[in-house]
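Data file: data-v9.pdb. Format and content: PDB, C-alpha atoms and all ligand atoms.
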MODEL        1
ATOM      1  CA  MET A   1      14.822 -10.738 -37.285
ATOM      2  CA  LYS A   2      15.397 -12.694 -34.098
ATOM      3  CA  VAL A   3      13.798 -15.699 -32.396
ATOM      4  CA  THR A   4      14.454 -16.263 -28.697
ATOM      5  CA  LEU A   5      13.564 -19.373 -26.713
ATOM      6  CA  ASP A   6      12.894 -19.581 -22.990
ATOM      7  CA  TRP A   7      12.446 -22.945 -21.317
ATOM      8  CA  LEU A   8       9.767 -22.859 -18.618
ATOM      9  CA  GLY A   9      10.078 -26.401 -17.331
ATOM     10  CA  CYS A  10       8.462 -29.660 -18.416
ATOM     11  CA  ALA A  11       7.734 -29.259 -22.138
ATOM     12  CA  THR A  12       6.738 -25.601 -21.861
ATOM     13  CA  PHE A  13       8.672 -22.941 -23.773
ATOM     14  CA  ARG A  14       8.202 -19.319 -24.734
ATOM     15  CA  LEU A  15       9.180 -18.341 -28.253
ATOM     16  CA  THR A  16       9.641 -14.655 -28.928
ATOM     17  CA  ILE A  17       9.599 -14.033 -32.666
ATOM     18  CA  ASP A  18      10.544 -10.364 -32.924
ATOM     19  CA  GLU A  19       7.539  -8.758 -31.184
ATOM     20  CA  THR A  20       5.320 -11.853 -31.231
ATOM     21  CA  VAL A  21       5.141 -14.046 -28.135
ATOM     22  CA  VAL A  22       4.199 -17.694 -28.635
ATOM     23  CA  PHE A  23       3.929 -20.122 -25.741
ATOM     24  CA  LEU A  24       4.530 -23.783 -26.539
ATOM     25  CA  ASP A  25       2.378 -25.489 -23.879
ATOM     26  CA  ALA A  26       1.574 -23.492 -20.760
ATOM     27  CA  TYR A  27       2.402 -25.622 -17.723
ATOM     28  CA  MET A  28       4.372 -23.450 -15.311
ATOM     29  CA  ASP A  29       2.272 -23.609 -12.138
ATOM     30  CA  ARG A  30       3.697 -26.816 -10.724
ATOM     31  CA  VAL A  31       3.673 -28.738  -7.472
ATOM     32  CA  PRO A  32       5.421 -26.831  -4.642
ATOM     33  CA  SER A  33       8.194 -29.451  -4.514
ATOM     34  CA  ALA A  34       9.131 -28.973  -8.185
ATOM     35  CA  PRO A  35      11.897 -26.455  -8.842
ATOM     36  CA  PRO A  36      10.319 -23.074  -9.696
ATOM     37  CA  VAL A  37      10.752 -21.950 -13.286
ATOM     38  CA  GLY A  38      10.824 -18.232 -12.478
ATOM     39  CA  LEU A  39       7.476 -17.343 -14.014
ATOM     40  CA  THR A  40       3.871 -18.178 -13.183
ATOM     41  CA  THR A  41       1.025 -18.062 -15.652
ATOM     42  CA  ALA A  42      -0.530 -15.201 -13.653
ATOM     43  CA  GLU A  43       2.651 -13.177 -14.244
ATOM     44  CA  VAL A  44       2.534 -13.555 -18.022
ATOM     45  CA  GLU A  45       1.738 -10.111 -19.372
ATOM     46  CA  ARG A  46       2.256 -10.693 -23.064
ATOM     47  CA  ALA A  47       1.244 -13.613 -25.245
ATOM     48  CA  ASP A  48      -0.162 -13.787 -28.739
ATOM     49  CA  PHE A  49      -0.556 -17.540 -29.070
ATOM     50  CA  VAL A  50      -0.396 -20.718 -27.016
ATOM     51  CA  LEU A  51       0.308 -23.885 -29.028
ATOM     52  CA  VAL A  52      -0.853 -26.878 -26.994
ATOM     53  CA  GLY A  53       0.798 -30.215 -27.811
ATOM     54  CA  HIS A  54      -1.843 -32.322 -26.108
ATOM     55  CA  SER A  55      -4.547 -32.100 -23.464
ATOM     56  CA  HIS A  56      -2.874 -33.640 -20.394
ATOM     57  CA  PHE A  57      -2.574 -31.229 -17.474
ATOM     58  CA  ASP A  58       1.218 -31.045 -17.572
ATOM     59  CA  HIS A  59       0.925 -29.380 -20.971
ATOM     60  CA  ILE A  60      -2.357 -27.503 -21.185
ATOM     61  CA  ALA A  61      -2.842 -26.292 -17.592
ATOM     62  CA  GLY A  62      -2.308 -22.553 -17.428
ATOM     63  CA  ALA A  63      -3.288 -21.874 -21.040
ATOM     64  CA  GLU A  64      -6.657 -20.692 -19.716
ATOM     65  CA  VAL A  65      -4.950 -18.171 -17.415
ATOM     66  CA  ILE A  66      -2.706 -16.846 -20.176
ATOM     67  CA  ALA A  67      -5.591 -16.655 -22.639
ATOM     68  CA  LYS A  68      -7.844 -14.741 -20.254
ATOM     69  CA  ASN A  69      -5.131 -12.347 -19.067
ATOM     70  CA  THR A  70      -3.541 -11.556 -22.421
ATOM     71  CA  GLY A  71      -6.143 -12.347 -25.068
ATOM     72  CA  ALA A  72      -3.793 -14.933 -26.580
ATOM     73  CA  ARG A  73      -5.321 -17.397 -29.001
ATOM     74  CA  ILE A  74      -4.902 -21.091 -28.334
ATOM     75  CA  ILE A  75      -4.127 -23.644 -31.032
ATOM     76  CA  GLY A  76      -4.826 -27.216 -29.989
ATOM     77  CA  SER A  77      -6.849 -30.343 -30.580
ATOM     78  CA  THR A  78     -10.615 -30.313 -30.311
ATOM     79  CA  GLU A  79     -10.176 -31.855 -26.839
ATOM     80  CA  SER A  80      -7.753 -29.080 -25.832
ATOM     81  CA  CYS A  81     -10.267 -26.534 -27.117
ATOM     82  CA  ARG A  82     -13.056 -28.246 -25.157
ATOM     83  CA  VAL A  83     -10.997 -28.084 -21.957
ATOM     84  CA  MET A  84     -10.387 -24.377 -22.551
ATOM     85  CA  ARG A  85     -14.066 -23.754 -23.379
ATOM     86  CA  ASP A  86     -14.986 -25.413 -20.069
ATOM     87  CA  GLN A  87     -12.678 -22.894 -18.397
ATOM     88  CA  ALA A  88     -14.638 -20.054 -20.042
ATOM     89  CA  VAL A  89     -11.982 -19.111 -22.576
ATOM     90  CA  PRO A  90     -13.889 -17.225 -25.296
ATOM     91  CA  GLU A  91     -14.605 -19.196 -28.462
ATOM     92  CA  SER A  92     -12.944 -16.466 -30.529
ATOM     93  CA  GLN A  93      -9.612 -17.377 -28.903
ATOM     94  CA  LEU A  94      -9.800 -21.077 -29.731
ATOM     95  CA  LEU A  95      -8.263 -22.392 -32.939
ATOM     96  CA  PRO A  96      -8.893 -26.135 -33.275
ATOM     97  CA  ALA A  97      -6.419 -28.296 -35.152
ATOM     98  CA  GLN A  98      -5.851 -31.957 -35.897
ATOM     99  CA  GLY A  99      -2.919 -31.784 -38.316
ATOM    100  CA  GLY A 100      -2.966 -30.248 -41.772
ATOM    101  CA  GLU A 101      -3.686 -26.688 -40.668
ATOM    102  CA  ARG A 102      -1.569 -23.630 -41.131
ATOM    103  CA  TYR A 103      -2.053 -20.589 -38.926
ATOM    104  CA  ARG A 104      -0.458 -17.167 -39.230
ATOM    105  CA  LEU A 105       1.325 -16.077 -36.079
ATOM    106  CA  SER A 106       2.682 -12.741 -37.286
ATOM    107  CA  GLU A 107       3.615 -10.893 -40.453
ATOM    108  CA  ASN A 108       6.593 -13.175 -40.973
ATOM    109  CA  ALA A 109       5.791 -16.321 -39.042
ATOM    110  CA  THR A 110       3.295 -19.115 -39.593
ATOM    111  CA  VAL A 111       2.782 -22.472 -37.929
ATOM    112  CA  ARG A 112       1.893 -25.763 -39.577
ATOM    113  CA  VAL A 113       0.230 -28.457 -37.515
ATOM    114  CA  PHE A 114       1.045 -32.153 -37.881
ATOM    115  CA  PRO A 115      -0.427 -35.285 -36.314
ATOM    116  CA  SER A 116       1.837 -36.782 -33.680
ATOM    117  CA  LEU A 117       1.801 -39.494 -31.023
ATOM    118  CA  HIS A 118       1.968 -39.635 -27.244
ATOM    119  CA  SER A 119       4.696 -41.582 -25.466
ATOM    120  CA  CYS A 120       3.660 -45.109 -24.441
ATOM    121  CA  ILE A 121       2.436 -44.307 -20.935
ATOM    122  CA  TRP A 122       0.601 -47.614 -20.824
ATOM    123  CA  THR A 123       3.885 -49.531 -20.712
ATOM    124  CA  ARG A 124       7.033 -49.455 -18.651
ATOM    125  CA  ALA A 125       9.594 -46.730 -19.186
ATOM    126  CA  ALA A 126      13.252 -47.257 -18.414
ATOM    127  CA  GLY A 127      14.542 -45.530 -15.307
ATOM    128  CA  ARG A 128      17.375 -43.974 -17.305
ATOM    129  CA  ALA A 129      17.632 -42.619 -20.830
ATOM    130  CA  ASP A 130      20.032 -45.437 -21.696
ATOM    131  CA  GLY A 131      17.878 -48.141 -20.098
ATOM    132  CA  VAL A 132      16.726 -50.714 -22.649
ATOM    133  CA  VAL A 133      13.055 -51.717 -22.623
ATOM    134  CA  THR A 134      11.626 -54.272 -25.019
ATOM    135  CA  GLY A 135       8.356 -56.091 -25.600
ATOM    136  CA  ASP A 136       4.722 -54.945 -25.499
ATOM    137  CA  ILE A 137       4.464 -54.904 -29.302
ATOM    138  CA  GLY A 138       1.315 -55.476 -31.329
ATOM    139  CA  LEU A 139      -1.091 -55.137 -28.420
ATOM    140  CA  CYS A 140      -4.651 -53.931 -28.817
ATOM    141  CA  GLU A 141      -5.939 -51.167 -26.575
ATOM    142  CA  ASP A 142      -7.640 -53.479 -24.087
ATOM    143  CA  GLU A 143      -4.383 -55.423 -23.747
ATOM    144  CA  ARG A 144      -2.473 -52.179 -23.284
ATOM    145  CA  ALA A 145      -4.924 -51.186 -20.551
ATOM    146  CA  ALA A 146      -4.185 -54.468 -18.798
ATOM    147  CA  VAL A 147      -0.435 -53.767 -18.969
ATOM    148  CA  ARG A 148      -1.018 -50.356 -17.467
ATOM    149  CA  ALA A 149      -3.229 -51.734 -14.702
ATOM    150  CA  SER A 150      -0.468 -54.168 -13.732
ATOM    151  CA  MET A 151       2.078 -51.394 -13.163
ATOM    152  CA  PRO A 152       2.625 -49.847  -9.721
ATOM    153  CA  GLY A 153       1.111 -46.390  -9.179
ATOM    154  CA  GLY A 154       3.105 -43.138  -9.185
ATOM    155  CA  GLY A 155       5.075 -42.092  -6.173
ATOM    156  CA  GLY A 156       6.267 -45.474  -5.019
ATOM    157  CA  PRO A 157       6.522 -46.830  -1.502
ATOM    158  CA  SER A 158       9.555 -44.751  -0.566
ATOM    159  CA  ALA A 159       7.949 -41.433  -1.531
ATOM    160  CA  ASP A 160       7.634 -38.725   1.083
ATOM    161  CA  PRO A 161       3.936 -38.755   2.157
ATOM    162  CA  GLU A 162       3.753 -34.950   2.142
ATOM    163  CA  LEU A 163       5.078 -34.808  -1.422
ATOM    164  CA  ALA A 164       2.630 -37.510  -2.426
ATOM    165  CA  ARG A 165      -0.216 -35.527  -0.839
ATOM    166  CA  GLN A 166       0.798 -32.348  -2.672
ATOM    167  CA  MET A 167       0.967 -34.266  -5.928
ATOM    168  CA  GLN A 168      -2.478 -35.760  -5.439
ATOM    169  CA  GLN A 169      -3.915 -32.329  -4.680
ATOM    170  CA  HIS A 170      -2.200 -30.909  -7.748
ATOM    171  CA  LEU A 171      -3.563 -33.684  -9.951
ATOM    172  CA  ALA A 172      -7.055 -33.099  -8.604
ATOM    173  CA  THR A 173      -7.042 -29.355  -9.256
ATOM    174  CA  SER A 174      -4.994 -28.859 -12.450
ATOM    175  CA  VAL A 175      -6.872 -28.062 -15.631
ATOM    176  CA  GLY A 176      -6.568 -30.777 -18.249
ATOM    177  CA  SER A 177      -8.041 -33.944 -19.657
ATOM    178  CA  ARG A 178      -7.331 -37.577 -19.012
ATOM    179  CA  HIS A 179      -7.355 -37.968 -22.792
ATOM    180  CA  THR A 180      -4.472 -36.742 -24.935
ATOM    181  CA  GLY A 181      -6.911 -35.274 -27.442
ATOM    182  CA  GLY A 182      -4.545 -36.536 -30.114
ATOM    183  CA  ALA A 183      -0.966 -35.322 -29.778
ATOM    184  CA  LEU A 184       0.090 -32.608 -32.211
ATOM    185  CA  ALA A 185       3.444 -31.438 -33.516
ATOM    186  CA  TYR A 186       4.095 -27.930 -34.771
ATOM    187  CA  LEU A 187       6.445 -26.424 -37.322
ATOM    188  CA  ILE A 188       6.874 -22.699 -36.866
ATOM    189  CA  GLU A 189       8.253 -21.199 -40.065
ATOM    190  CA  THR A 190      10.004 -17.845 -40.480
ATOM    191  CA  PRO A 191      12.153 -16.404 -43.276
ATOM    192  CA  ILE A 192      15.298 -17.135 -41.238
ATOM    193  CA  GLY A 193      14.521 -20.716 -40.254
ATOM    194  CA  SER A 194      11.975 -23.046 -38.736
ATOM    195  CA  ILE A 195      11.320 -24.625 -35.346
ATOM    196  CA  PHE A 196       9.820 -28.084 -34.842
ATOM    197  CA  TYR A 197       8.046 -28.642 -31.541
ATOM    198  CA  HIS A 198       6.361 -31.560 -29.893
ATOM    199  CA  ASP A 199       5.774 -32.139 -26.216
ATOM    200  CA  THR A 200       5.715 -35.909 -25.759
ATOM    201  CA  SER A 201       8.009 -38.708 -26.903
ATOM    202  CA  GLY A 202       6.096 -40.050 -29.884
ATOM    203  CA  CYS A 203       6.220 -39.556 -33.628
ATOM    204  CA  TRP A 204       5.019 -40.703 -37.001
ATOM    205  CA  THR A 205       8.328 -41.305 -38.774
ATOM    206  CA  SER A 206       6.830 -40.596 -42.197
ATOM    207  CA  VAL A 207       5.820 -37.126 -40.981
ATOM    208  CA  LEU A 208       9.207 -36.308 -39.491
ATOM    209  CA  ALA A 209      11.029 -37.538 -42.604
ATOM    210  CA  GLN A 210       9.317 -34.797 -44.625
ATOM    211  CA  LEU A 211      10.483 -31.967 -42.369
ATOM    212  CA  ARG A 212      13.838 -30.208 -42.201
ATOM    213  CA  PRO A 213      13.569 -27.786 -39.293
ATOM    214  CA  THR A 214      16.462 -25.561 -38.321
ATOM    215  CA  VAL A 215      15.718 -26.149 -34.651
ATOM    216  CA  ALA A 216      14.012 -29.229 -33.164
ATOM    217  CA  ILE A 217      12.531 -29.210 -29.671
ATOM    218  CA  LEU A 218      12.245 -32.884 -28.736
ATOM    219  CA  ALA A 219      10.500 -34.325 -25.695
ATOM    220  CA  ALA A 220      12.746 -36.634 -23.696
ATOM    221  CA  ALA A 221      10.690 -38.571 -21.167
ATOM    222  CA  GLY A 222       8.977 -41.912 -20.847
ATOM    223  CA  ARG A 223       8.926 -44.689 -23.415
ATOM    224  CA  GLY A 224       9.138 -43.523 -26.999
ATOM    225  CA  ASN A 225       6.304 -44.242 -29.408
ATOM    226  CA  ILE A 226       7.335 -44.915 -32.995
ATOM    227  CA  ASP A 227       4.474 -45.166 -35.473
ATOM    228  CA  GLY A 228       2.169 -46.452 -32.744
ATOM    229  CA  GLU A 229       4.450 -49.036 -31.128
ATOM    230  CA  PRO A 230       6.761 -48.702 -28.116
ATOM    231  CA  ILE A 231      10.433 -48.340 -28.944
ATOM    232  CA  GLN A 232      12.459 -51.500 -28.562
ATOM    233  CA  GLY A 233      15.471 -49.922 -26.966
ATOM    234  CA  THR A 234      16.236 -46.755 -25.041
ATOM    235  CA  LEU A 235      14.845 -43.253 -24.752
ATOM    236  CA  ALA A 236      18.199 -41.946 -25.997
ATOM    237  CA  GLN A 237      17.818 -44.069 -29.124
ATOM    238  CA  PHE A 238      14.296 -42.744 -29.601
ATOM    239  CA  VAL A 239      15.517 -39.139 -29.531
ATOM    240  CA  GLY A 240      18.315 -40.180 -31.915
ATOM    241  CA  ILE A 241      15.803 -41.639 -34.399
ATOM    242  CA  GLU A 242      13.824 -38.415 -34.394
ATOM    243  CA  ALA A 243      16.958 -36.324 -34.831
ATOM    244  CA  LYS A 244      18.133 -38.469 -37.741
ATOM    245  CA  LEU A 245      14.785 -38.026 -39.497
ATOM    246  CA  LEU A 246      14.611 -34.277 -38.876
ATOM    247  CA  GLN A 247      18.300 -33.396 -39.414
ATOM    248  CA  PRO A 248      18.078 -30.153 -37.444
ATOM    249  CA  LYS A 249      21.012 -27.832 -36.917
ATOM    250  CA  THR A 250      20.058 -27.312 -33.298
ATOM    251  CA  ILE A 251      18.308 -29.613 -30.828
ATOM    252  CA  VAL A 252      16.656 -28.570 -27.575
ATOM    253  CA  LEU A 253      15.211 -31.134 -25.158
ATOM    254  CA  GLY A 254      11.933 -30.835 -23.266
ATOM    255  CA  HIS A 255       9.991 -32.726 -20.589
ATOM    256  CA  HIS A 256      13.238 -33.923 -18.971
ATOM    257  CA  ASP A 257      13.312 -31.952 -15.735
ATOM    258  CA  ASN A 258      12.036 -32.850 -12.263
ATOM    259  CA  TRP A 259       8.620 -31.435 -13.113
ATOM    260  CA  MET A 260       6.509 -33.367 -10.598
ATOM    261  CA  PRO A 261       8.323 -34.954  -7.693
ATOM    262  CA  PRO A 262       7.931 -37.632  -6.503
ATOM    263  CA  SER A 263       6.417 -39.052  -9.692
ATOM    264  CA  THR A 264       9.346 -37.808 -11.824
ATOM    265  CA  ARG A 265      11.834 -40.513 -11.019
ATOM    266  CA  ASP A 266      15.533 -39.832 -10.524
ATOM    267  CA  SER A 267      14.819 -36.076 -10.523
ATOM    268  CA  GLY A 268      14.058 -36.183 -14.247
ATOM    269  CA  THR A 269      15.749 -37.592 -17.329
ATOM    270  CA  ASP A 270      19.527 -37.868 -17.297
ATOM    271  CA  THR A 271      20.436 -36.165 -20.558
ATOM    272  CA  GLY A 272      23.965 -37.626 -20.670
ATOM    273  CA  PRO A 273      23.034 -40.744 -22.690
ATOM    274  CA  ILE A 274      20.951 -38.604 -25.072
ATOM    275  CA  ARG A 275      23.858 -36.215 -25.587
ATOM    276  CA  GLU A 276      26.087 -39.204 -26.347
ATOM    277  CA  GLU A 277      23.567 -40.755 -28.768
ATOM    278  CA  LEU A 278      23.083 -37.496 -30.650
ATOM    279  CA  ARG A 279      26.842 -37.059 -30.993
ATOM    280  CA  HIS A 280      26.917 -40.325 -32.941
ATOM    281  CA  ILE A 281      23.662 -40.046 -34.893
ATOM    282  CA  VAL A 282      23.707 -36.361 -35.876
ATOM    283  CA  PRO A 283      27.281 -35.192 -35.300
ATOM    284  CA  ALA A 284      26.703 -31.913 -37.119
ATOM    285  CA  ALA A 285      23.795 -30.914 -34.881
ATOM    286  CA  SER A 286      24.348 -28.968 -31.701
ATOM    287  CA  LEU A 287      22.420 -29.832 -28.558
ATOM    288  CA  ILE A 288      21.728 -26.833 -26.388
ATOM    289  CA  GLU A 289      20.566 -27.376 -22.828
ATOM    290  CA  PRO A 290      19.298 -24.060 -21.487
ATOM    291  CA  GLY A 291      18.158 -23.607 -17.908
ATOM    292  CA  TYR A 292      14.815 -22.018 -17.112
ATOM    293  CA  LEU A 293      14.162 -18.551 -18.544
ATOM    294  CA  GLU A 294      17.620 -18.130 -20.050
ATOM    295  CA  GLY A 295      16.449 -16.411 -23.217
ATOM    296  CA  THR A 296      18.531 -18.286 -25.800
ATOM    297  CA  VAL A 297      18.638 -16.765 -29.278
ATOM    298  CA  ILE A 298      17.930 -19.732 -31.555
ATOM    299  CA  LEU A 299      17.484 -17.954 -34.901
ATOM    300  CA  GLY A 300      18.882 -14.672 -36.192
ATOM    301  CA  ALA A 301      20.713 -12.120 -34.101
TER     302      ALA A 301
HETATM  303 ZN    ZN B 401       0.777 -36.471 -21.713
ENDMDL
END
Full structure transcribed into structure tokens:
Amino acid sequence: MKVTLDWLGCATFRLTIDETVVFLDAYMDRVPSAPPVGLTTAEVERADFVLVGHSHFDHIAGAEVIAKNTGARIIGSTESCRVMRDQAVPESQLLPAQGGERYRLSENATVRVFPSLHSCIWTRAAGRADGVVTGDIGLCEDERAAVRASMPGGGGPSADPELARQMQQHLATSVGSRHTGGALAYLIETPIGSIFYHDTSGCWTSVLAQLRPTVAILAAAGRGNIDGEPIQGTLAQFVGIEAKLLQPKTIVLGHHDNWMPPSTRDSGTDTGPIREELRHIVPAASLIEPGYLEGTVILGA
């Protein structure tokens, strides 16, 4: 038995579990200025499942193309399923989840769904993974909305106007929801090991503490969300907290590339501080940093 992982940019991955192809998110059709990942959704010829972490466009967009072209079934929140239904994906291909479900992926692989959290997009994120951000604790949603409204918009004054125009067009045409739909985490289980996946930097610590995946795919972008509050510290520390709870043998990062210039600042997340943090927090774990479409064997041989 063998499980291979391909990174497809942002938080999108393709898991190949023997003969079964499982996409984790589906966002590959990006703005022209983003580095190409080597595969478009229209080129996907084989897929059995798409597991959608949440309903924002940079995660769900493209799942409708894959589903229609391959017959793949989509597992996601009721909001993710609604978005797909609106795109005329047949009801028979939609498997709604909110955490607590278990779906069979193949003869020897299943996936369990867990509730998760989105990163704190309503508050400031540090420019670098080792940038400390504090404050914004204990706020109600209307207060969080006020924080968000006070922040400058994406792109920034120095952004290239053509890139900004492309981004705006992309935002206007990409399939997705302005709601998260409730972020989900997935644990794919096989006889030779398990893979934890989430696609945004948030977690319920009590959920993660129960899991012992062999491989953890951890989102590394924005301001981490721990049990509903923004991390008081750095993104690197947030990833370290998750790794300490999960104790995986192998860690893979997601959402850290330059997925939507110019809104992705500094060409994405600098993984150096995260690498350093993980070396201290989980010294026995290995961090692998594959490029796009490298086909890394993560379980078996
Ligand atoms: Zn999101």
ask   = Leaving out segment 256-273 of chain A and any residue of its chain fewer than 5 positions from it, which residues lie within 8 Å of it when counting all atoms listed in the file, given as a list of chain:residue names?
value =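 Neighbouring residues, sequence-local ones excluded: A:Gly9, A:Cys10, A:Ala11, A:Arg30, A:Val31, A:Ser33, A:Ala34, A:Pro35, A:Gly127, A:Arg128, A:Ala129, A:Asp130, A:Gly154, A:Gly155, A:Gly156, A:Ala159, A:Asp160, A:Leu163, A:Ala164, A:Met167, A:Ala219, A:Ala220, A:Ala221, A:Ala236.
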Can you write out as a tab-separated table which residues of chain A fall within 7 Å of ligand ZN 401 (chain B), alongside each residue's closest atom pair and its distance in Å to one decimal, counting only C-alpha atoms and all ligand atoms and ordering rows by chain and ascending residue number?
residue	atom	partner	partner_atom	distance
A:His54	CA	B:ZN401	ZN	6.6
A:His56	CA	B:ZN401	ZN	4.8
A:Asp58	CA	B:ZN401	ZN	6.8
A:His118	CA	B:ZN401	ZN	6.5
A:Thr180	CA	B:ZN401	ZN	6.2
A:Thr200	CA	B:ZN401	ZN	6.4
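Interatomic distance, atom CA of Ser116 of chain A against atom CA of Gly202 of chain A: 6.6 Å.
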Can you spell out as a PyMOL selection string the set of residues that the PyMOL selection byres (((chain A and resi 295-297) around 10) and not hetatm) selects in the structure I just provided?
chain A and resi 2-7+14-16+288-294+298-301
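Within 12 Å of Pro283 of chain A, once only C-alpha atoms are used and residues closer than 2 positions along the same chain are dropped, the contacting residues are Gly240, Ala243, Lys244, Gln247, Pro248, Lys249, Thr250, Ile251, Arg275, Glu276, Glu277, Leu278, Arg279, His280, Ile281, Ala285, Ser286 and Leu287 of chain A.
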Closest of A:Ser206, A:Ser119, A:Thr173, A:Thr190 to Gly224 of chain A, counting all atoms listed in the file, is A:Ser119
In terms of all atoms listed in the file, the residue from A:Val252, A:Ile188, A:Leu8, A:Val147 at minimal distance from Leu218 of chain A is A:Val252
(Q) Between A:Gly135, A:Gly53, A:Gly62, A:Gly38, which residue has the minimum interatomic distance to Gly76 of chain A, considering all atoms listed in the file? (A)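 Closest residue, counting all atoms listed in the file: A:Gly53.
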Atom CA of Val111 of chain A sits from atom CA of Ala97 of chain A at a separation of 11.2 Å
Please determine, counting only C-alpha atoms, which residue among A:Ser150, A:Thr12, A:Ser92, A:Thr70 has the shortest atom-to-atom distance to Ile217 of chain A.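 Once distances to Ile217 of chain A are computed over only C-alpha atoms, the minimum belongs to A:Thr12.
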